[in-house]
Amino acid sequence: MANGWSIIIGLVVVAGMCVAAWIFSPKGENQVLWRSSLILAFISCYLMWAITFLAQLHPLIEPRRSDLRKEYIHH
């Protein structure tokens, strides 16, 4: 599942978790604190995962091995 759809699927899952946190947060004087904390945590974790995933999916610098002999290097 290492393709571009993983980002979309992850976004849908996190959006569902945010909606669930909004609806099922405990009622009371701390309801806004619960909602804000849960939604902020879900979004922060998703962003960290998505940035790491995309950095590995499309690296900016192609890794090169330096321990190969010149006759085995294909350009």
# chains A, B, ... in the order shown; residues from 1 in each chain; ligands from 1

call {"tool": "residues_around", "arguments": {"residues": "His58 of chain A", "least_positions_apart": "4", "cutoff": "12 Å", "atoms": "only C-alpha atoms", "output": "list in words"}}
result
Ala2, Asn3, Gly4, Ile51, Thr52, Phe53, Leu54, Glu62 and Pro63 of chain A

call {"tool": "closest_residue", "arguments": {"among": "A:Val14, A:Arg64, A:Leu57, A:Lys27", "to": "Ala41 of chain A", "atoms": "only C-alpha atoms"}}
result
A:Val14

call {"tool": "residues_around", "arguments": {"residues": "segment 6-11 of chain A", "least_positions_apart": "5", "cutoff": "12 Å", "atoms": "only C-alpha atoms", "output": "PDB file with N, CA, C and O atoms, in the first residue's frame"}}
result
ATOM      1  N   MET A   1       0.818  -1.183   0.000  1.00  0.00           N
ATOM      2  CA  MET A   1       0.000   0.000   0.000  1.00  0.00           C
ATOM      3  C   MET A   1       0.867   1.254   0.000  1.00  0.00           C
ATOM      4  O   MET A   1       0.491   2.271   0.524  1.00  0.00           O
ATOM      5  N   GLY A  16     -12.490  11.122   9.920  1.00  0.00           N
ATOM      6  CA  GLY A  16     -13.504  10.383  10.670  1.00  0.00           C
ATOM      7  C   GLY A  16     -13.238  10.400  12.163  1.00  0.00           C
ATOM      8  O   GLY A  16     -14.165  10.530  12.974  1.00  0.00           O
ATOM      9  N   MET A  17     -11.967  10.278  12.531  1.00  0.00           N
ATOM     10  CA  MET A  17     -11.618  10.331  13.953  1.00  0.00           C
ATOM     11  C   MET A  17     -11.880  11.722  14.532  1.00  0.00           C
ATOM     12  O   MET A  17     -12.311  11.850  15.686  1.00  0.00           O
ATOM     13  N   CYS A  18     -11.640  12.761  13.755  1.00  0.00           N
ATOM     14  CA  CYS A  18     -11.919  14.123  14.215  1.00  0.00           C
ATOM     15  C   CYS A  18     -13.417  14.348  14.399  1.00  0.00           C
ATOM     16  O   CYS A  18     -13.837  14.972  15.379  1.00  0.00           O
ATOM     17  N   PHE A  42      -4.838  14.381  16.613  1.00  0.00           N
ATOM     18  CA  PHE A  42      -5.056  13.587  15.403  1.00  0.00           C
ATOM     19  C   PHE A  42      -4.421  14.251  14.183  1.00  0.00           C
ATOM     20  O   PHE A  42      -3.738  13.600  13.381  1.00  0.00           O
ATOM     21  N   ILE A  43      -4.617  15.552  14.050  1.00  0.00           N
ATOM     22  CA  ILE A  43      -4.092  16.259  12.884  1.00  0.00           C
ATOM     23  C   ILE A  43      -2.565  16.318  12.924  1.00  0.00           C
ATOM     24  O   ILE A  43      -1.896  16.154  11.897  1.00  0.00           O
ATOM     25  N   SER A  44      -2.000  16.524  14.106  1.00  0.00           N
ATOM     26  CA  SER A  44      -0.536  16.572  14.229  1.00  0.00           C
ATOM     27  C   SER A  44       0.099  15.230  13.874  1.00  0.00           C
ATOM     28  O   SER A  44       1.108  15.183  13.160  1.00  0.00           O
ATOM     29  N   CYS A  45      -0.484  14.147  14.363  1.00  0.00           N
ATOM     30  CA  CYS A  45       0.046  12.821  14.042  1.00  0.00           C
ATOM     31  C   CYS A  45      -0.083  12.528  12.544  1.00  0.00           C
ATOM     32  O   CYS A  45       0.835  11.965  11.937  1.00  0.00           O
ATOM     33  N   TYR A  46      -1.215  12.917  11.951  1.00  0.00           N
ATOM     34  CA  TYR A  46      -1.396  12.692  10.521  1.00  0.00           C
ATOM     35  C   TYR A  46      -0.370  13.480   9.714  1.00  0.00           C
ATOM     36  O   TYR A  46       0.220  12.950   8.770  1.00  0.00           O
ATOM     37  N   LEU A  47      -0.152  14.737  10.066  1.00  0.00           N
ATOM     38  CA  LEU A  47       0.811  15.546   9.317  1.00  0.00           C
ATOM     39  C   LEU A  47       2.219  14.980   9.421  1.00  0.00           C
ATOM     40  O   LEU A  47       2.959  14.940   8.433  1.00  0.00           O
ATOM     41  N   MET A  48       2.610  14.538  10.604  1.00  0.00           N
ATOM     42  CA  MET A  48       3.942  13.955  10.771  1.00  0.00           C
ATOM     43  C   MET A  48       4.085  12.687   9.933  1.00  0.00           C
ATOM     44  O   MET A  48       5.098  12.483   9.260  1.00  0.00           O
ATOM     45  N   TRP A  49       3.062  11.840   9.956  1.00  0.00           N
ATOM     46  CA  TRP A  49       3.101  10.610   9.167  1.00  0.00           C
ATOM     47  C   TRP A  49       3.124  10.939   7.672  1.00  0.00           C
ATOM     48  O   TRP A  49       3.893  10.348   6.910  1.00  0.00           O
ATOM     49  N   ALA A  50       2.270  11.864   7.236  1.00  0.00           N
ATOM     50  CA  ALA A  50       2.174  12.175   5.807  1.00  0.00           C
ATOM     51  C   ALA A  50       3.468  12.776   5.275  1.00  0.00           C
ATOM     52  O   ALA A  50       3.924  12.424   4.182  1.00  0.00           O
ATOM     53  N   ILE A  51       4.097  13.666   6.023  1.00  0.00           N
ATOM     54  CA  ILE A  51       5.348  14.276   5.579  1.00  0.00           C
ATOM     55  C   ILE A  51       6.449  13.219   5.480  1.00  0.00           C
ATOM     56  O   ILE A  51       7.208  13.175   4.502  1.00  0.00           O
ATOM     57  N   THR A  52       6.524  12.344   6.487  1.00  0.00           N
ATOM     58  CA  THR A  52       7.530  11.277   6.460  1.00  0.00           C
ATOM     59  C   THR A  52       7.272  10.315   5.307  1.00  0.00           C
ATOM     60  O   THR A  52       8.192   9.906   4.599  1.00  0.00           O
ATOM     61  N   PHE A  53       6.013   9.949   5.089  1.00  0.00           N
ATOM     62  CA  PHE A  53       5.648   9.026   4.013  1.00  0.00           C
ATOM     63  C   PHE A  53       5.983   9.621   2.651  1.00  0.00           C
ATOM     64  O   PHE A  53       6.572   8.946   1.796  1.00  0.00           O
ATOM     65  N   LEU A  54       5.621  10.881   2.434  1.00  0.00           N
ATOM     66  CA  LEU A  54       5.891  11.509   1.142  1.00  0.00           C
ATOM     67  C   LEU A  54       7.378  11.719   0.910  1.00  0.00           C
ATOM     68  O   LEU A  54       7.841  11.647  -0.233  1.00  0.00           O
ATOM     69  N   LEU A  57       8.461   8.413  -0.291  1.00  0.00           N
ATOM     70  CA  LEU A  57       7.850   8.040  -1.562  1.00  0.00           C
ATOM     71  C   LEU A  57       8.541   8.745  -2.739  1.00  0.00           C
ATOM     72  O   LEU A  57       8.771   8.135  -3.779  1.00  0.00           O
TER      73      LEU A  57
END

call {"tool": "atom_distance", "arguments": {"atom1": "atom CA of Val12 of chain A", "atom2": "atom CA of Gln56 of chain A"}}
result
21.0 Å

call {"tool": "closest_residue", "arguments": {"among": "A:Ala15, A:Ala55, A:Gly28, A:Trp5", "to": "Leu40 of chain A", "atoms": "only C-alpha atoms"}}
result
A:Ala15
